[in-house]
>>> print(open('query.txt').read())   # compact mmCIF, C-alpha atoms
# COMPACT_ATOMS: atom_id res chain seq x y z
CA MET A 1 -12.05 -7.51 -41.63
CA LYS A 2 -8.94 -8.10 -43.75
CA THR A 3 -6.99 -11.15 -42.65
CA LEU A 4 -3.43 -11.77 -43.84
CA HIS A 5 -4.00 -15.33 -45.03
CA ASN A 6 -1.32 -17.98 -45.53
CA HIS A 7 1.13 -16.28 -43.21
CA VAL A 8 2.62 -17.66 -40.00
CA ILE A 9 4.39 -15.64 -37.34
CA LEU A 10 7.04 -17.41 -35.26
CA TYR A 11 6.87 -16.06 -31.73
CA ASP A 12 8.93 -16.53 -28.57
CA ALA A 13 6.64 -18.65 -26.36
CA ASP A 14 8.78 -17.80 -23.29
CA CYS A 15 8.25 -14.06 -23.79
CA PRO A 16 5.01 -12.72 -22.22
CA MET A 17 5.08 -9.66 -24.49
CA CYS A 18 5.52 -11.71 -27.69
CA ASN A 19 2.82 -14.11 -26.59
CA LEU A 20 0.41 -11.25 -25.88
CA TYR A 21 0.66 -9.29 -29.11
CA THR A 22 0.80 -12.31 -31.45
CA LYS A 23 -2.29 -13.73 -29.74
CA ALA A 24 -3.97 -10.34 -30.31
CA PHE A 25 -3.16 -10.60 -34.05
CA VAL A 26 -5.01 -13.93 -34.20
CA LYS A 27 -7.94 -12.94 -31.96
CA THR A 28 -8.60 -9.75 -33.91
CA GLY A 29 -8.48 -11.62 -37.21
CA MET A 30 -5.33 -9.99 -38.54
CA LEU A 31 -3.86 -13.49 -38.93
CA ASP A 32 -5.52 -16.87 -39.51
CA THR A 33 -6.47 -18.94 -36.45
CA ASN A 34 -3.32 -21.00 -37.08
CA GLY A 35 -1.33 -17.91 -38.00
CA ARG A 36 1.14 -18.11 -35.12
CA ILE A 37 3.35 -20.94 -33.91
CA PRO A 38 5.94 -21.07 -31.11
CA PHE A 39 9.55 -20.76 -32.17
CA SER A 40 11.32 -24.14 -32.21
CA PRO A 41 14.83 -24.35 -33.70
CA THR A 42 14.27 -27.96 -34.77
CA GLU A 43 10.95 -27.32 -36.55
CA LEU A 44 11.56 -24.11 -38.46
CA PRO A 45 10.92 -23.78 -42.21
CA PRO A 46 14.29 -24.12 -43.99
CA GLN A 47 14.14 -20.57 -45.38
CA VAL A 48 14.10 -19.02 -41.89
CA ASP A 49 17.36 -17.59 -40.52
CA VAL A 50 17.39 -19.12 -37.02
CA LYS A 51 19.70 -16.54 -35.45
CA ARG A 52 17.83 -13.59 -36.93
CA ALA A 53 14.45 -15.10 -35.94
CA CYS A 54 15.65 -15.10 -32.32
CA ASP A 55 16.49 -11.40 -32.55
CA GLU A 56 13.56 -10.27 -34.70
CA ILE A 57 10.17 -11.96 -34.93
CA ALA A 58 9.79 -13.81 -38.25
CA LEU A 59 6.71 -13.79 -40.49
CA VAL A 60 6.61 -16.56 -43.13
CA ASN A 61 4.53 -16.39 -46.30
CA CYS A 62 3.45 -20.02 -46.68
CA ALA A 63 2.68 -19.58 -50.38
CA THR A 64 5.85 -17.85 -51.59
CA HIS A 65 8.14 -18.86 -48.66
CA GLU A 66 9.19 -15.22 -48.31
CA VAL A 67 10.30 -14.31 -44.76
CA THR A 68 10.21 -10.87 -43.18
CA TYR A 69 11.70 -10.01 -39.79
CA GLY A 70 11.17 -7.63 -36.90
CA ILE A 71 9.44 -4.34 -37.56
CA ASP A 72 8.84 -5.34 -41.21
CA SER A 73 6.79 -8.32 -40.00
CA LEU A 74 4.64 -6.10 -37.78
CA PHE A 75 4.23 -3.43 -40.47
CA LYS A 76 3.16 -6.07 -42.99
CA ILE A 77 0.40 -7.37 -40.71
CA LEU A 78 -0.82 -3.93 -39.68
CA ALA A 79 -0.66 -2.43 -43.19
CA HIS A 80 -2.74 -5.29 -44.58
CA ARG A 81 -5.54 -4.50 -42.08
CA PHE A 82 -5.09 -0.72 -41.95
CA THR A 83 -4.14 0.23 -45.50
CA PHE A 84 -4.25 3.95 -44.68
CA LEU A 85 -1.09 3.41 -42.59
CA ASN A 86 0.99 2.41 -45.63
CA PRO A 87 2.29 5.93 -46.36
CA LEU A 88 3.35 6.29 -42.72
CA PHE A 89 5.15 2.93 -42.71
CA LYS A 90 7.07 3.99 -45.82
CA LEU A 91 8.44 7.16 -44.18
CA SER A 92 12.15 6.66 -43.58
CA ILE A 93 12.26 8.58 -40.30
CA PHE A 94 9.23 6.66 -38.95
CA ARG A 95 10.66 3.27 -39.94
CA THR A 96 14.05 4.12 -38.46
CA THR A 97 12.58 5.32 -35.17
CA LEU A 98 10.30 2.30 -34.79
CA SER A 99 13.11 -0.06 -35.82
CA GLN A 100 15.33 1.32 -33.07
CA LEU A 101 12.52 1.08 -30.51
CA TYR A 102 11.73 -2.48 -31.58
CA ALA A 103 15.40 -3.50 -31.32
CA PHE A 104 15.69 -1.79 -27.92
CA ILE A 105 12.81 -3.90 -26.59
CA SER A 106 13.59 -7.13 -28.45
CA PHE A 107 17.26 -7.37 -27.45
CA ASN A 108 16.31 -6.62 -23.82
CA ARG A 109 13.12 -8.65 -23.62
CA LYS A 110 14.67 -11.39 -21.48
CA VAL A 111 15.58 -8.87 -18.77
CA ILE A 112 12.30 -6.95 -19.09
CA ALA A 113 10.05 -10.00 -18.80
CA PRO A 114 12.10 -13.10 -17.90
CA ALA A 115 10.77 -16.63 -17.93
CA THR A 116 12.02 -20.13 -17.23
CA GLN A 117 14.24 -21.13 -20.12
CA THR A 118 13.30 -24.23 -22.14
CA GLU A 119 15.11 -26.25 -24.79
CA SER A 120 13.18 -24.35 -27.47
CA SER A 121 13.85 -20.95 -25.91
CA CYS A 122 14.12 -18.15 -28.42
CA THR A 123 16.92 -16.17 -26.80
CA PRO A 124 18.05 -13.00 -28.59
CA SER A 125 21.72 -12.27 -29.17
CA PHE A 126 23.41 -10.13 -26.55
CA ASN A 127 23.72 -6.60 -27.85
CA PHE A 128 26.02 -4.46 -25.70
CA SER A 129 24.78 -1.10 -27.03
CA TYR A 130 21.09 -1.83 -26.46
CA ARG A 131 21.77 -3.32 -23.02
CA ILE A 132 23.70 -0.22 -21.92
CA ALA A 133 20.95 1.98 -23.38
CA TYR A 134 18.37 0.03 -21.34
CA LEU A 135 20.40 0.33 -18.14
CA ILE A 136 20.76 4.09 -18.59
CA PHE A 137 17.07 4.50 -19.46
CA SER A 138 15.98 2.57 -16.34
CA TRP A 139 18.54 4.39 -14.18
CA VAL A 140 17.48 7.89 -15.24
CA LEU A 141 13.70 7.26 -15.18
CA THR A 142 13.83 5.55 -11.77
CA SER A 143 15.93 8.41 -10.37
CA LEU A 144 13.45 11.00 -11.67
CA ILE A 145 10.48 9.22 -10.08
CA LEU A 146 12.27 8.71 -6.76
CA THR A 147 13.25 12.39 -6.69
CA SER A 148 9.59 13.38 -6.93
CA PHE A 149 8.35 10.73 -4.50
CA ALA A 150 11.04 11.37 -1.86
CA THR A 151 9.82 14.93 -1.33
CA HIS A 152 6.77 13.43 0.39
CA LEU A 153 8.76 11.15 2.72
CA PRO A 154 10.02 12.12 6.19
CA ILE A 155 13.64 12.31 5.03
CA PRO A 156 15.99 15.24 4.32
CA ALA A 157 15.41 17.20 1.13
CA THR A 158 16.66 15.28 -1.88
CA SER A 159 17.62 16.05 -5.44
CA PHE A 160 17.85 14.26 -8.76
CA GLY A 161 21.64 14.17 -8.38
CA ARG A 162 21.46 12.30 -5.08
CA GLU A 163 18.87 9.79 -6.29
CA PHE A 164 20.88 9.30 -9.46
CA LEU A 165 23.99 8.53 -7.41
CA ILE A 166 22.08 6.13 -5.13
CA CYS A 167 20.68 4.18 -8.09
CA GLY A 168 24.07 4.23 -9.80
CA GLY A 169 25.77 3.10 -6.60
CA GLN A 170 23.51 0.08 -6.42
CA LEU A 171 24.21 -0.70 -10.07
CA LEU A 172 27.97 -0.62 -9.47
CA PHE A 173 27.81 -2.43 -6.12
CA GLN A 174 25.60 -5.29 -7.31
CA GLY A 175 27.51 -5.44 -10.58
CA SER A 176 30.70 -6.00 -8.60
CA VAL A 177 29.07 -8.71 -6.48
CA VAL A 178 27.73 -10.64 -9.49
CA TRP A 179 31.13 -10.29 -11.20
CA PHE A 180 32.67 -12.40 -8.42
CA THR A 181 29.76 -14.83 -7.95
CA ASN A 182 28.26 -15.38 -11.42
CA ARG A 183 30.58 -13.60 -13.85
CA ASN A 184 28.90 -15.02 -16.96
CA ARG A 185 25.53 -13.53 -15.90
CA VAL A 186 26.66 -9.96 -15.16
CA PHE A 187 24.63 -8.17 -17.83
CA ASP A 188 21.68 -10.54 -17.44
CA TYR A 189 21.55 -9.85 -13.72
CA ILE A 190 22.02 -6.08 -13.72
CA GLY A 191 19.46 -5.83 -16.54
CA ASN A 192 16.94 -7.71 -14.41
CA MET A 193 17.88 -5.70 -11.31
CA MET A 194 17.29 -2.40 -13.11
CA THR A 195 13.95 -3.71 -14.37
CA VAL A 196 12.98 -4.37 -10.74
CA SER A 197 14.03 -0.80 -9.87
CA LEU A 198 12.07 0.58 -12.81
CA ILE A 199 8.93 -1.40 -11.90
CA GLY A 200 9.29 -0.18 -8.33
CA GLY A 201 9.50 3.40 -9.57
CA LEU A 202 6.45 2.98 -11.79
CA LEU A 203 4.47 1.56 -8.84
CA LEU A 204 5.10 4.83 -6.99
CA LEU A 205 3.42 6.90 -9.70
CA PRO A 206 -0.22 6.13 -8.72
CA MET A 207 0.37 7.63 -5.27
CA LEU A 208 1.83 10.77 -6.86
CA ALA A 209 -1.15 10.97 -9.22
CA ILE A 210 -3.63 10.66 -6.35
CA HIS A 211 -1.74 13.29 -4.37
CA SER A 212 -2.04 15.71 -7.28
CA LEU A 213 -5.84 15.47 -6.89
CA GLN A 214 -6.11 15.07 -3.13
CA ALA A 215 -3.44 15.80 -0.52
CA ILE A 216 -2.09 12.62 1.11
CA PRO A 217 -0.17 12.61 4.44
CA SER A 218 3.51 11.66 4.53
CA PHE A 219 2.68 8.55 6.56
CA ALA A 220 0.64 7.14 3.65
CA PHE A 221 3.56 7.76 1.29
CA LEU A 222 5.87 5.95 3.71
CA VAL A 223 3.53 2.94 3.99
CA TRP A 224 3.15 2.70 0.22
CA PHE A 225 6.91 2.98 -0.24
CA ALA A 226 7.43 0.08 2.22
CA ILE A 227 4.87 -2.01 0.31
CA VAL A 228 6.59 -1.31 -3.02
CA VAL A 229 10.04 -2.17 -1.63
CA THR A 230 8.63 -5.47 -0.29
CA LEU A 231 7.19 -6.29 -3.71
CA MET A 232 10.54 -5.43 -5.28
CA LEU A 233 12.26 -7.85 -2.89
CA PHE A 234 10.06 -10.73 -4.04
CA MET A 235 10.55 -9.74 -7.70
CA HIS A 236 14.30 -9.68 -7.17
CA MET A 237 14.30 -13.11 -5.53
CA HIS A 238 12.18 -14.52 -8.35
CA ARG A 239 14.46 -13.17 -11.05
CA VAL A 240 17.63 -14.38 -9.30
CA LYS A 241 16.05 -17.85 -9.16
CA LEU A 242 15.18 -17.77 -12.88
CA LEU A 243 18.78 -16.80 -13.65
CA GLN A 244 20.00 -19.67 -11.45
CA ALA A 245 22.34 -17.13 -9.88
CA SER A 246 23.71 -16.98 -6.34
CA GLY A 247 21.23 -16.21 -3.55
CA TRP A 248 23.88 -13.87 -2.15
CA LEU A 249 22.75 -11.34 -4.73
CA THR A 250 19.47 -10.84 -2.88
CA LEU A 251 21.24 -10.50 0.47
CA THR A 252 23.64 -7.87 -0.87
CA TRP A 253 20.72 -6.12 -2.60
CA ILE A 254 18.95 -5.90 0.78
CA GLY A 255 22.19 -4.84 2.45
CA TYR A 256 22.68 -1.93 0.07
CA GLU A 257 19.10 -0.75 0.62
CA LEU A 258 19.55 -0.90 4.41
CA VAL A 259 22.82 1.04 4.29
CA VAL A 260 21.18 3.77 2.18
CA ALA A 261 18.14 3.90 4.50
CA ALA A 262 20.37 4.13 7.58
CA HIS A 263 22.40 6.93 6.00
CA LEU A 264 19.21 8.89 5.20
CA LEU A 265 17.85 8.45 8.72
CA LEU A 266 21.14 9.48 10.35
CA SER A 267 21.43 12.54 8.12
CA ARG A 268 17.95 13.58 9.28
CA THR A 269 18.99 13.73 12.94
>>> encode(input="query.txt", output="structure tokens")
Amino acid sequence: MKTLHNHVILYDADCPMCNLYTKAFVKTGMLDTNGRIPFSPTELPPQVDVKRACDEIALVNCATHEVTYGIDSLFKILAHRFTFLNPLFKLSIFRTTLSQLYAFISFNRKVIAPATQTESSCTPSFNFSYRIAYLIFSWVLTSLILTSFATHLPIPATSFGREFLICGGQLLFQGSVVWFTNRNRVFDYIGNMMTVSLIGGLLLLPMLAIHSLQAIPSFAFLVWFAIVVTLMLFMHMHRVKLLQASGWLTLTWIGYELVVAAHLLLSRT
């Protein structure tokens, strides 16, 4: 068991994902028992770049005071335990791909897994490109899942194009609402809203998987869909509260869903 001694990783205590994987590093012995500490802008070692540490997790060598950031921090910990991975970590195409994936998650982590903000919150910089990439990713994946799931609901035949337009319509509609109610939180809100949509889509997958093994009646699909939408409503309310945004956003979110549902039902008759 090779432990990377005399190293401390500075993690975002408000981020469930950061908390989970840094705790795993300590529990599995990759880092010392005191090898992780919560990020605090007032208690950082002087050699740490505060802004960069918010964007990319920082790993401090307590002996040499060397600091690595982001994917380099993770590679350093993993390569010390699993030395056979060193050649892979040195491959340019592998490093570039993982760096992009890491940045995609890190810059969007506050809309993927939000938490109540504290004075020591480690909030990443807003990156327009990665936020747009996340919105498009969530939009396309949710539309694909809904296209497959909708074929089992008692509604007219659908297509990816229609589901794509419905999801995009909600994005534009809610984006317009938040622009007039909480303009400074536009990208925070629509990022959170698309995460709710994505989670809802992912929750539909188990039913599709079961159906692939054993036929399930349309009524069961409809009941499960209603349960998922209800869960999404509570997730949406929770996230709006964390953002300290207007409660009108939940009402308009519900309103859009009802208008779409009514249109689908009327088109069936």
>>> residues_around(input="query.txt", residues="Asp32 in chain A", least_positions_apart="6", cutoff="8 Å", atoms="all atoms listed in the file", output="short mmCIF file (atom, residue, chain, number, x, y, z; two decimals) with C-alpha atoms, keeping the file's coordinate frame")
data_model
loop_
_atom_site.label_atom_id
_atom_site.label_comp_id
_atom_site.auth_asym_id
_atom_site.auth_seq_id
_atom_site.Cartn_x
_atom_site.Cartn_y
_atom_site.Cartn_z
CA THR A 3 -6.99 -11.15 -42.65
CA LEU A 4 -3.43 -11.77 -43.84
CA HIS A 5 -4.00 -15.33 -45.03
CA ASN A 6 -1.32 -17.98 -45.53
CA HIS A 7 1.13 -16.28 -43.21
CA VAL A 26 -5.01 -13.93 -34.20
#
>>> residues_around(input="query.txt", residues="range 126-138 of chain A", least_positions_apart="2", cutoff="12 Å", atoms="only C-alpha atoms", output="PyMOL selection string")
chain A and resi 51+54-55+100-112+123-124+140-146+164+167-168+171-172+175+185-202
>>> atom_distance(input="query.txt", atom1="CA of Phe25 in chain A", atom2="CA of Asp49 in chain A")
22.6 Å
>>> residues_near_point(input="query.txt", point="(28.3, -10.9, -3.5)", cutoff="7 Å", atoms="only C-alpha atoms", output="PyMOL selection string")
chain A and resi 177-178+180-181+248-249+252
>>> write_last_selection(input="query.txt", atoms="C-alpha atoms", output="compact mmCIF listing (two decimals), keeping the file's coordinate frame")
# COMPACT_ATOMS: atom_id res chain seq x y z
CA VAL A 177 29.07 -8.71 -6.48
CA VAL A 178 27.73 -10.64 -9.49
CA PHE A 180 32.67 -12.40 -8.42
CA THR A 181 29.76 -14.83 -7.95
CA TRP A 248 23.88 -13.87 -2.15
CA LEU A 249 22.75 -11.34 -4.73
CA THR A 252 23.64 -7.87 -0.87
>>> closest_residue(input="query.txt", among="A:Val8, A:Ala13, A:Leu153, A:Glu56", to="Arg36 in chain A", atoms="only C-alpha atoms")
A:Val8
>>> closest_residue(input="query.txt", among="A:Ser176, A:His211, A:Arg95, A:Ala220", to="Ser148 in chain A", atoms="all atoms listed in the file")
A:His211
>>> atom_distance(input="query.txt", atom1="CA of Tyr11 in chain A", atom2="CA of Leu243 in chain A")
21.7 Å
>>> atom_distance(input="query.txt", atom1="CA of Pro38 in chain A", atom2="CA of Val240 in chain A")
25.6 Å
>>> closest_residue(input="query.txt", among="A:Leu85, A:Thr42, A:Ala157, A:Ile9", to="Tyr69 in chain A", atoms="only C-alpha atoms")
A:Ile9
>>> residues_around(input="query.txt", residues="Leu88 in chain A", least_positions_apart="4", cutoff="12 Å", atoms="all atoms listed in the file", output="list in words")
Phe75, Leu78, Ala79, Phe82, Thr83, Phe84, Ser92, Ile93, Phe94, Arg95, Thr96, Thr97 and Leu98 of chain A
>>> residues_around(input="query.txt", residues="Val223 in chain A", least_positions_apart="6", cutoff="12 Å", atoms="only C-alpha atoms", output="tab-separated table (two decimals) with C-alpha atoms, keeping the file's coordinate frame")
chain	number	residue	atom	x	y	z
A	152	HIS	CA	6.77	13.43	0.39
A	153	LEU	CA	8.76	11.15	2.72
A	154	PRO	CA	10.02	12.12	6.19
A	204	LEU	CA	5.10	4.83	-6.99
A	207	MET	CA	0.37	7.63	-5.27
A	216	ILE	CA	-2.09	12.62	1.11
A	217	PRO	CA	-0.17	12.61	4.44
A	229	VAL	CA	10.04	-2.17	-1.63
A	230	THR	CA	8.63	-5.47	-0.29
>>> axis_aligned_box(input="query.txt", around="range 135-144 of chain A", padding_each_side="6 Å", output="JSON")
{"center_x": 17.1, "center_y": 5.7, "center_z": -14.9, "size_x": 19.3, "size_y": 22.7, "size_z": 21.1}
>>> closest_residue(input="query.txt", among="A:Leu10, A:His65, A:Ile77, A:Ile71", to="Pro41 in chain A", atoms="all atoms listed in the file")
A:Leu10
>>> residues_around(input="query.txt", residues="Glu66 in chain A", least_positions_apart="6", cutoff="9 Å", atoms="all atoms listed in the file", output="PyMOL selection string")
chain A and resi 47-48+59-60
>>> closest_residue(input="query.txt", among="A:Ala209, A:Val260, A:Asn184, A:Phe219", to="Ser246 in chain A", atoms="only C-alpha atoms")
A:Asn184
>>> decode(input="query.txt", residues="range 148-207 of chain A", atoms="C-alpha atoms", output="mmCIF file, in the first residue's frame")
data_model
loop_
_atom_site.group_PDB
_atom_site.id
_atom_site.type_symbol
_atom_site.label_atom_id
_atom_site.label_comp_id
_atom_site.auth_asym_id
_atom_site.auth_seq_id
_atom_site.Cartn_x
_atom_site.Cartn_y
_atom_site.Cartn_z
ATOM 1 C CA SER A 148 -37.197 6.332 -26.175
ATOM 2 C CA PHE A 149 -39.411 6.515 -23.080
ATOM 3 C CA ALA A 150 -42.274 8.375 -24.781
ATOM 4 C CA THR A 151 -42.865 5.488 -27.185
ATOM 5 C CA HIS A 152 -44.265 3.553 -24.214
ATOM 6 C CA LEU A 153 -46.649 6.320 -23.079
ATOM 7 C CA PRO A 154 -50.245 6.743 -24.278
ATOM 8 C CA ILE A 155 -49.390 9.812 -26.371
ATOM 9 C CA PRO A 156 -48.993 10.370 -30.130
ATOM 10 C CA ALA A 157 -45.857 9.016 -31.772
ATOM 11 C CA THR A 158 -42.879 11.204 -30.991
ATOM 12 C CA SER A 159 -39.436 11.796 -32.417
ATOM 13 C CA PHE A 160 -36.076 13.065 -31.260
ATOM 14 C CA GLY A 161 -36.754 16.343 -33.067
ATOM 15 C CA ARG A 162 -39.944 16.994 -31.113
ATOM 16 C CA GLU A 163 -38.420 16.106 -27.738
ATOM 17 C CA PHE A 164 -35.394 18.230 -28.587
ATOM 18 C CA LEU A 165 -37.651 21.201 -29.331
ATOM 19 C CA ILE A 166 -39.670 20.681 -26.130
ATOM 20 C CA CYS A 167 -36.516 20.610 -23.981
ATOM 21 C CA GLY A 168 -35.089 23.571 -25.875
ATOM 22 C CA GLY A 169 -38.357 25.462 -25.509
ATOM 23 C CA GLN A 170 -38.224 25.057 -21.756
ATOM 24 C CA LEU A 171 -34.617 26.223 -21.724
ATOM 25 C CA LEU A 172 -35.511 29.382 -23.659
ATOM 26 C CA PHE A 173 -38.755 30.020 -21.754
ATOM 27 C CA GLN A 174 -37.272 29.630 -18.278
ATOM 28 C CA GLY A 175 -34.159 31.495 -19.365
ATOM 29 C CA SER A 176 -36.359 34.434 -20.351
ATOM 30 C CA VAL A 177 -38.216 34.317 -17.025
ATOM 31 C CA VAL A 178 -35.036 34.292 -14.928
ATOM 32 C CA TRP A 179 -33.612 37.110 -17.087
ATOM 33 C CA PHE A 180 -36.414 39.376 -15.834
ATOM 34 C CA THR A 181 -36.544 38.106 -12.235
ATOM 35 C CA ASN A 182 -32.944 37.248 -11.279
ATOM 36 C CA ARG A 183 -30.780 38.447 -14.173
ATOM 37 C CA ASN A 184 -27.491 37.870 -12.349
ATOM 38 C CA ARG A 185 -28.343 34.173 -11.833
ATOM 39 C CA VAL A 186 -29.333 33.278 -15.413
ATOM 40 C CA PHE A 187 -26.591 30.746 -16.129
ATOM 41 C CA ASP A 188 -26.636 29.403 -12.572
ATOM 42 C CA TYR A 189 -30.363 28.771 -12.806
ATOM 43 C CA ILE A 190 -30.567 27.256 -16.282
ATOM 44 C CA GLY A 191 -27.569 25.054 -15.428
ATOM 45 C CA ASN A 192 -29.404 23.756 -12.368
ATOM 46 C CA MET A 193 -32.651 23.396 -14.331
ATOM 47 C CA MET A 194 -30.960 21.283 -17.004
ATOM 48 C CA THR A 195 -29.387 19.139 -14.288
ATOM 49 C CA VAL A 196 -32.895 18.480 -12.945
ATOM 50 C CA SER A 197 -33.997 17.522 -16.470
ATOM 51 C CA LEU A 198 -30.974 15.267 -16.894
ATOM 52 C CA ILE A 199 -31.549 13.540 -13.535
ATOM 53 C CA GLY A 200 -35.185 13.058 -14.486
ATOM 54 C CA GLY A 201 -34.122 11.471 -17.765
ATOM 55 C CA LEU A 202 -31.654 9.164 -16.035
ATOM 56 C CA LEU A 203 -34.368 8.060 -13.585
ATOM 57 C CA LEU A 204 -36.403 6.844 -16.558
ATOM 58 C CA LEU A 205 -33.667 4.470 -17.700
ATOM 59 C CA PRO A 206 -34.319 1.696 -15.122
ATOM 60 C CA MET A 207 -37.866 1.271 -16.441
#
